Structure formats: structure tokens, C-alpha cells
$ cat final_38.txt   # compact mmCIF, C-alpha atoms
# COMPACT_ATOMS: atom_id res chain seq x y z
CA MET A 140 -87.72 36.41 -54.94
CA ALA A 141 -84.85 38.59 -54.10
CA VAL A 142 -81.41 37.27 -54.81
CA THR A 143 -79.16 37.37 -51.79
CA GLY A 144 -75.43 37.63 -51.94
CA PRO A 145 -73.06 35.15 -50.40
CA PRO A 146 -73.00 35.13 -46.64
CA SER A 147 -70.48 37.39 -45.01
CA PRO A 148 -67.44 35.51 -43.82
CA GLN A 149 -67.49 34.76 -40.12
CA THR A 150 -65.04 36.62 -37.99
CA PRO A 151 -62.69 34.02 -36.57
CA THR A 152 -62.85 33.58 -32.84
CA PRO A 153 -59.61 34.83 -31.37
CA THR A 154 -57.50 32.10 -29.79
CA PRO A 155 -56.83 32.87 -26.14
CA THR A 156 -53.19 33.43 -25.28
CA ILE A 157 -52.05 31.01 -22.59
CA THR A 158 -49.16 32.23 -20.54
CA PRO A 159 -47.23 29.27 -19.21
CA GLN A 160 -47.09 29.16 -15.45
CA GLU A 161 -43.75 29.55 -13.83
CA THR A 162 -42.76 26.14 -12.59
CA ALA A 163 -40.57 25.77 -9.52
CA PRO A 164 -37.60 23.43 -9.76
CA ILE A 165 -38.52 19.87 -8.92
CA GLY A 166 -36.64 18.89 -5.81
CA ASN A 167 -33.24 19.99 -4.61
CA PRO A 168 -30.46 17.82 -6.00
CA ILE A 169 -27.41 17.17 -3.86
CA PHE A 170 -24.34 15.17 -4.85
CA ALA A 171 -23.17 12.38 -2.54
CA ARG A 172 -19.89 10.49 -2.45
CA ILE A 173 -18.80 7.48 -0.37
CA ARG A 174 -15.05 6.96 -0.19
CA ILE A 175 -12.56 5.11 1.97
CA ALA A 176 -11.38 7.29 4.84
CA ASN A 177 -7.72 7.88 5.55
CA SER A 178 -5.65 9.36 8.36
CA SER A 179 -6.34 12.93 7.22
CA ASP A 180 -10.02 12.35 8.03
CA VAL A 181 -9.36 11.58 11.70
CA PRO A 182 -10.49 14.99 13.06
CA HIS A 183 -13.87 14.60 11.36
CA LEU A 184 -14.14 10.95 12.36
CA HIS A 185 -13.44 11.75 15.99
CA LYS A 186 -16.22 14.37 16.06
CA LEU A 187 -18.62 11.98 14.36
CA MET A 188 -17.82 9.18 16.78
CA TYR A 189 -18.44 11.42 19.76
CA GLN A 190 -21.77 12.53 18.28
CA HIS A 191 -22.63 8.87 17.75
CA ALA A 192 -21.87 8.10 21.38
CA ALA A 193 -24.06 11.04 22.42
CA SER A 194 -26.94 9.81 20.26
CA GLN A 195 -26.63 6.38 21.87
CA ARG A 196 -26.43 7.88 25.41
CA LEU A 197 -22.94 6.41 25.80
CA THR A 198 -20.65 9.42 26.21
CA HIS A 199 -19.73 8.14 29.68
CA ILE A 200 -17.71 5.35 28.06
CA PHE A 201 -16.29 7.39 25.18
CA SER A 202 -12.50 7.56 25.51
CA ALA A 203 -11.32 7.59 21.87
CA THR A 204 -8.87 10.33 20.92
CA GLU A 205 -7.59 11.53 17.57
CA SER A 206 -4.24 9.97 18.47
CA SER A 207 -5.75 6.57 19.26
CA LEU A 208 -7.72 6.57 16.02
CA SER A 209 -4.67 7.52 13.97
CA ALA A 210 -2.60 4.78 15.61
CA THR A 211 -5.09 1.94 15.18
CA LEU A 212 -7.41 2.47 12.21
CA PHE A 213 -5.19 2.67 9.15
CA ASN A 214 -2.55 -0.02 9.54
CA SER A 215 -3.97 -2.57 7.06
CA PRO A 216 -5.31 -2.51 3.50
CA PRO A 217 -9.02 -1.66 3.19
CA PHE A 218 -11.43 -4.54 3.79
CA GLN A 219 -8.72 -6.75 5.31
CA SER A 220 -9.08 -5.21 8.77
CA PHE A 221 -10.71 -2.07 10.15
CA THR A 222 -12.22 -0.04 7.29
CA VAL A 223 -14.02 3.28 7.43
CA LEU A 224 -16.24 4.59 4.65
CA LEU A 225 -16.89 8.33 4.74
CA LEU A 226 -20.00 9.93 3.22
CA GLU A 227 -19.72 13.47 1.88
CA VAL A 228 -22.23 15.70 0.10
CA SER A 229 -21.83 18.78 -2.07
CA PRO A 230 -24.20 21.12 -3.94
CA THR A 231 -21.96 20.67 -6.99
CA PRO A 232 -20.64 17.46 -8.59
CA PHE A 233 -17.52 15.87 -7.16
CA PRO A 234 -14.52 15.76 -9.50
CA ASP A 235 -14.10 12.62 -11.54
CA GLY A 236 -11.32 10.20 -10.83
CA PRO A 237 -10.29 7.80 -8.07
CA VAL A 238 -9.82 8.86 -4.48
CA GLY A 239 -7.09 6.60 -3.13
CA CYS A 240 -6.76 3.04 -4.41
CA HIS A 241 -10.51 2.33 -4.55
CA PRO A 242 -13.01 4.25 -6.70
CA PRO A 243 -15.63 6.15 -4.70
CA ILE A 244 -19.37 5.57 -4.98
CA THR A 245 -21.26 8.62 -6.22
CA ARG A 246 -24.98 9.32 -6.29
CA ILE A 247 -27.34 12.25 -6.92
CA VAL A 248 -29.99 12.59 -4.21
CA ASN A 249 -33.08 14.65 -5.02
CA LEU A 250 -34.39 16.24 -1.82
CA ASP A 251 -37.76 17.83 -1.24
CA LEU A 252 -36.15 20.75 0.59
CA PRO A 253 -32.59 21.97 0.89
CA ILE A 254 -30.72 20.88 4.01
CA VAL A 255 -29.79 23.50 6.57
CA ASP A 256 -26.52 22.31 8.10
CA PRO A 257 -25.51 24.32 11.18
CA GLU A 258 -22.16 22.48 11.30
CA SER A 259 -21.17 22.88 7.66
CA LYS A 260 -17.98 24.80 8.50
CA GLU A 261 -16.93 22.37 11.20
CA PHE A 262 -17.41 19.40 8.87
CA GLY A 263 -16.19 20.99 5.64
CA SER A 264 -13.94 18.61 3.69
CA GLY A 265 -12.74 20.78 0.81
CA GLY A 266 -14.53 23.07 -1.62
CA GLU A 267 -18.25 22.97 -0.97
CA ALA A 268 -18.21 19.38 0.32
CA VAL A 269 -19.16 18.48 3.88
CA VAL A 270 -18.88 15.22 5.80
CA VAL A 271 -22.27 13.66 6.57
CA GLY A 272 -21.46 10.36 8.26
CA PHE A 273 -19.40 7.20 8.35
CA VAL A 274 -19.49 3.45 8.76
CA LEU A 275 -16.71 1.44 10.42
CA PHE A 276 -16.55 -2.32 9.82
CA PHE A 277 -14.14 -5.26 9.76
CA PRO A 278 -14.08 -8.95 8.77
CA ASN A 279 -15.52 -11.66 11.00
CA TYR A 280 -16.33 -15.31 10.37
CA GLY A 281 -19.56 -17.29 10.28
CA VAL A 282 -18.77 -20.68 11.79
CA PHE A 283 -22.13 -22.16 10.80
CA LEU A 284 -21.89 -20.69 7.28
CA GLY A 285 -18.26 -21.61 6.75
CA LYS A 286 -17.76 -18.17 5.20
CA PRO A 287 -16.29 -14.83 6.25
CA GLY A 288 -18.46 -11.78 6.70
CA PHE A 289 -18.30 -8.20 7.88
CA TYR A 290 -19.19 -6.80 11.28
CA ILE A 291 -20.37 -3.18 11.41
CA GLU A 292 -19.07 -1.58 14.58
CA SER A 293 -20.53 1.85 13.98
CA LEU A 294 -22.80 3.55 11.43
CA TYR A 295 -23.73 7.18 11.92
CA THR A 296 -25.11 10.14 9.99
CA ARG A 297 -25.38 13.63 11.40
CA GLU A 298 -28.84 14.66 12.60
CA CYS A 299 -29.78 17.14 9.86
CA TYR A 300 -29.07 14.49 7.20
CA ARG A 301 -31.19 11.70 8.66
CA LYS A 302 -34.24 10.16 6.99
CA LYS A 303 -32.96 11.20 3.57
CA GLY A 304 -31.41 7.91 2.46
CA PHE A 305 -27.80 8.55 3.50
CA GLY A 306 -27.69 5.88 6.22
CA LYS A 307 -29.10 3.41 3.73
CA MET A 308 -26.35 4.36 1.28
CA LEU A 309 -23.64 3.60 3.83
CA LEU A 310 -25.11 0.23 4.80
CA SER A 311 -25.66 -0.66 1.15
CA ALA A 312 -22.02 0.12 0.36
CA VAL A 313 -20.80 -2.35 2.99
CA ALA A 314 -23.30 -5.01 1.88
CA ALA A 315 -22.23 -4.58 -1.74
CA GLN A 316 -18.57 -5.02 -0.78
CA ALA A 317 -19.42 -8.18 1.13
CA VAL A 318 -21.14 -9.62 -1.94
CA LYS A 319 -18.24 -8.57 -4.16
CA MET A 320 -15.80 -10.45 -1.94
CA GLY A 321 -17.98 -13.57 -1.73
CA TYR A 322 -18.74 -13.06 1.97
CA GLY A 323 -21.79 -14.69 3.49
CA LYS A 324 -23.14 -12.26 6.09
CA LEU A 325 -23.22 -8.77 7.53
CA ASP A 326 -23.70 -8.34 11.29
CA TRP A 327 -24.24 -5.40 13.64
CA CYS A 328 -25.84 -4.63 17.01
CA VAL A 329 -28.69 -2.26 17.86
CA LEU A 330 -29.54 -0.86 21.28
CA GLY A 331 -32.79 -2.37 22.54
CA TRP A 332 -34.55 0.99 23.03
CA ASN A 333 -33.81 2.26 19.51
CA ALA A 334 -37.11 1.38 17.80
CA ASN A 335 -36.39 3.67 14.85
CA ALA A 336 -33.19 1.79 14.08
CA PHE A 337 -34.94 -1.58 14.25
CA GLY A 338 -37.59 -0.36 11.81
CA PHE A 339 -34.97 1.03 9.45
CA TYR A 340 -32.92 -2.16 9.36
CA LYS A 341 -35.94 -4.42 8.97
CA LYS A 342 -37.01 -2.41 5.92
CA MET A 343 -33.59 -3.10 4.45
CA GLY A 344 -34.15 -6.84 4.85
CA ALA A 345 -32.22 -7.46 8.05
CA GLN A 346 -33.17 -10.33 10.33
CA VAL A 347 -33.34 -9.40 14.02
CA PHE A 348 -32.31 -12.08 16.53
CA GLU A 349 -34.30 -11.14 19.60
CA GLU A 350 -32.83 -13.95 21.69
CA LEU A 351 -29.20 -12.85 21.34
CA LYS A 352 -27.49 -10.72 23.98
CA MET A 353 -24.19 -8.95 23.52
CA CYS A 354 -21.36 -9.72 25.98
CA ARG A 355 -18.20 -7.67 26.45
CA LEU A 356 -14.98 -7.70 28.46
CA THR A 357 -13.33 -4.28 28.72
CA SER A 358 -11.35 -2.05 31.05
CA ASP A 359 -10.36 -3.74 34.35
CA ALA A 360 -12.38 -6.86 33.59
CA LEU A 361 -10.29 -7.40 30.45
CA GLN A 362 -6.98 -6.44 32.07
CA ALA A 363 -7.56 -9.09 34.74
CA TYR A 364 -6.61 -11.72 32.14
CA GLU A 365 -3.20 -10.20 31.42
CA SER A 366 -1.29 -12.92 33.29
CA PHE A 367 -3.13 -15.87 31.74
CA SER A 368 -0.54 -16.46 29.04

$ encode --input "final_38.txt" --output "C-alpha cells"
Amino acid sequence: MAVTGPPSPQTPTPTPTITPQETAPIGNPIFARIRIANSSDVPHLHKLMYQHAASQRLTHIFSATESSLSATLFNSPPFQSFTVLLLEVSPTPFPDGPVGCHPPITRIVNLDLPIVDPESKEFGSGGEAVVVGFVLFFPNYGVFLGKPGFYIESLYTRECYRKKGFGKMLLSAVAAQAVKMGYGKLDWCVLGWNANAFGFYKKMGAQVFEELKMCRLTSDALQAYESFS
């Protein structure tokens, strides 16, 4: 019987080289800041308020001017009377440190797609930051609760920034301040035809009082009471 030599060593199977796929960045981060507005913000606020009136189909009653806003909005400490929170965004982080006497709220928002803002120059607020929206509110009182609260007069975000969480940020900031101050409620009104707004607020936990109707005296109807006192 013939003697055979040891088997020839097997040629190792070459390991395939796997080239990692190029991965696209996940999302588009944008930096957001909510701060207390001041008189230098009036030009932006006036534009935002007019846009809000247009979105509510109420430009026919819009008579606010930059002068009237400057004269009436900033005469009391924040949260004691009329208070405006301004929301800004920037592609780069905002500088650290307080803005005014109250620290701002900052967040990073990860967007699916970058935002194309056709009004970025008009609403630029320094550096790469732009103004997105605002909320104006003031104290009221809940007689049945026996506690103060806040009433939101106006909450608005510009159209290209909607449905991205910025309106929720503004409302959340007011609600958080109410809790911080031991207040018992947060009120606001919604136009009856605005189904999107009702859906948005309900998702945030708001109770809608269908039976309530808003009443208002203004213009000549209000002036008619001048001689009462």
C-alpha cells in the first residue's frame, strides 16, 4: 500500500472586503431659544402680530403700531403684567449666558429637512439667528379656583416653522412659568373654524369649553361708557 504524504494545506478563502456605505447625516439640527422680549424687539413683534391677524382673517381690525406696542408692553416686570416670549432659531448654538434678567430656554430641534425661510433677512435678530414666533400673556384670576393664572392673548409662529414643535415650545414655556409661580390655570381662546388649532391644543392636554362664548367691548361701544364714573 503506497504511503501518502500529508494533505496539502487548504488555501484560505479570501475574506471579502466590505466598504462601509456612506451614511447621510441623521436629521438637520437647529438651535432654538425662548427669551423675554424687550422694546428693541418691537419691529419684529409688530410684523408677527400683523401676520397673526392675517392668519386669523382679522386684518380689518388690526390697528396696532410700533409706537403703541412700545408705549404699552414693557412698563412692568415680566410675569406681573403683559409679557412677551420671543422664539428664535439659529443653525449654530446661541451664546451662553443670561439674556436680560431671566435666563432663556434653549433646545436643539432635530428636523427631517432643513427649513427654507423666505423671510430670514426680514426677521434676522443678530448673527445667524432669526425670529420664529412669539407668545403674549398676562395674569388673570380664577374665581372658582381661588388662584391666579395666565391668559394667553396671542401665540403665533411663522408659516414655514409650523408643525415642527415650535408652537408647542412656546405654550410649554408659559405653562411651566405658571407652575413655577404656583398659578392654577392657563386660558386662551381659539376661533371656532380653526380645527387644526383645536386638535393641537387637545393633544397638549387642554380642555375645550364648547359652551363658552367670548364677549368684547371695544371702539365706540367701549367709549360710550366714558362718562359713567

$ residues_near_point --input "final_38.txt" --point "(-14.7, 9.8, -3.0)" --cutoff "10 Å" --atoms "all atoms listed in the file" --output "JSON, numbers by chain"
{"A": [171, 172, 173, 174, 175, 176, 224, 225, 226, 227, 233, 234, 235, 236, 237, 238, 239, 241, 242, 243, 244, 245]}

$ residues_near_point --input "final_38.txt" --point "(-18.2, -20.7, 2.2)" --cutoff "12 Å" --atoms "all atoms listed in the file" --output "list of chain:residue names"
A:Tyr280, A:Gly281, A:Val282, A:Phe283, A:Leu284, A:Gly285, A:Lys286, A:Pro287, A:Gly288, A:Met320, A:Gly321, A:Tyr322, A:Gly323, A:Lys324

$ residues_around --input "final_38.txt" --residues "stretch 252-256 of chain A" --least-positions-apart "5" --cutoff "10 Å" --atoms "only C-alpha atoms" --output "list in words"
Ile165, Gly166, Asn167, Pro168, Ile169, Pro230, Phe262, Val269, Val271, Arg297, Glu298, Cys299, Tyr300 and Lys303 of chain A

$ residues_around --input "final_38.txt" --residues "A:Phe221" --least-positions-apart "2" --cutoff "8 Å" --atoms "all atoms listed in the file" --output "mmCIF file with C-alpha atoms, in the frame of the given file"
data_model
loop_
_atom_site.group_PDB
_atom_site.id
_atom_site.type_symbol
_atom_site.label_atom_id
_atom_site.label_comp_id
_atom_site.auth_asym_id
_atom_site.auth_seq_id
_atom_site.Cartn_x
_atom_site.Cartn_y
_atom_site.Cartn_z
ATOM 1 C CA LEU A 212 -7.410 2.470 12.210
ATOM 2 C CA PHE A 213 -5.190 2.670 9.150
ATOM 3 C CA SER A 215 -3.970 -2.570 7.060
ATOM 4 C CA PRO A 217 -9.020 -1.660 3.190
ATOM 5 C CA PHE A 218 -11.430 -4.540 3.790
ATOM 6 C CA GLN A 219 -8.720 -6.750 5.310
ATOM 7 C CA VAL A 223 -14.020 3.280 7.430
ATOM 8 C CA LEU A 275 -16.710 1.440 10.420
ATOM 9 C CA PHE A 276 -16.550 -2.320 9.820
ATOM 10 C CA PHE A 277 -14.140 -5.260 9.760
ATOM 11 C CA PRO A 278 -14.080 -8.950 8.770
#

$ residues_around --input "final_38.txt" --residues "stretch 194-205 of chain A" --least-positions-apart "2" --cutoff "9 Å" --atoms "all atoms listed in the file" --output "list in words"
Val181, Pro182, Leu184, His185, Met188, Tyr189, Gln190, His191, Ala192, Ser207, Leu208, Ser209, Ala210, Leu330 and Asn333 of chain A

$ write_last_selection --input "final_38.txt" --atoms "C-alpha atoms" --output "PDB file, keeping the file's coordinate frame"
ATOM      1  CA  VAL A 181      -9.360  11.580  11.700  1.00  0.00           C
ATOM      2  CA  PRO A 182     -10.490  14.990  13.060  1.00  0.00           C
ATOM      3  CA  LEU A 184     -14.140  10.950  12.360  1.00  0.00           C
ATOM      4  CA  HIS A 185     -13.440  11.750  15.990  1.00  0.00           C
ATOM      5  CA  MET A 188     -17.820   9.180  16.780  1.00  0.00           C
ATOM      6  CA  TYR A 189     -18.440  11.420  19.760  1.00  0.00           C
ATOM      7  CA  GLN A 190     -21.770  12.530  18.280  1.00  0.00           C
ATOM      8  CA  HIS A 191     -22.630   8.870  17.750  1.00  0.00           C
ATOM      9  CA  ALA A 192     -21.870   8.100  21.380  1.00  0.00           C
ATOM     10  CA  SER A 207      -5.750   6.570  19.260  1.00  0.00           C
ATOM     11  CA  LEU A 208      -7.720   6.570  16.020  1.00  0.00           C
ATOM     12  CA  SER A 209      -4.670   7.520  13.970  1.00  0.00           C
ATOM     13  CA  ALA A 210      -2.600   4.780  15.610  1.00  0.00           C
ATOM     14  CA  LEU A 330     -29.540  -0.860  21.280  1.00  0.00           C
ATOM     15  CA  ASN A 333     -33.810   2.260  19.510  1.00  0.00           C
TER      16      ASN A 333
END

$ residues_around --input "final_38.txt" --residues "stretch 309-319 of chain A" --least-positions-apart "5" --cutoff "7 Å" --atoms "all atoms listed in the file" --output "list of chain:residue names"
A:Val274, A:Gly288, A:Phe289, A:Leu325

$ residues_around --input "final_38.txt" --residues "A:Val329" --least-positions-apart "3" --cutoff "12 Å" --atoms "all atoms listed in the file" --output "list of chain:residue names"
A:Gln195, A:Ile291, A:Glu292, A:Ser293, A:Leu294, A:Asp326, A:Trp332, A:Asn333, A:Ala334, A:Asn335, A:Ala336, A:Phe337, A:Gly338, A:Phe339, A:Tyr340, A:Lys341, A:Ala345, A:Gln346, A:Val347, A:Phe348, A:Glu349, A:Leu351, A:Lys352, A:Met353

$ closest_residue --input "final_38.txt" --among "A:Cys354, A:Met308, A:Leu361, A:Met343" --to "A:Arg246" --atoms "all atoms listed in the file"
A:Met308

$ closest_residue --input "final_38.txt" --among "A:Glu350, A:Ser366, A:Arg355, A:Pro216" --to "A:Gly331" --atoms "all atoms listed in the file"
A:Glu350

$ closest_residue --input "final_38.txt" --among "A:Phe367, A:Ser358, A:Ser206, A:Glu267" --to "A:Thr231" --atoms "only C-alpha atoms"
A:Glu267
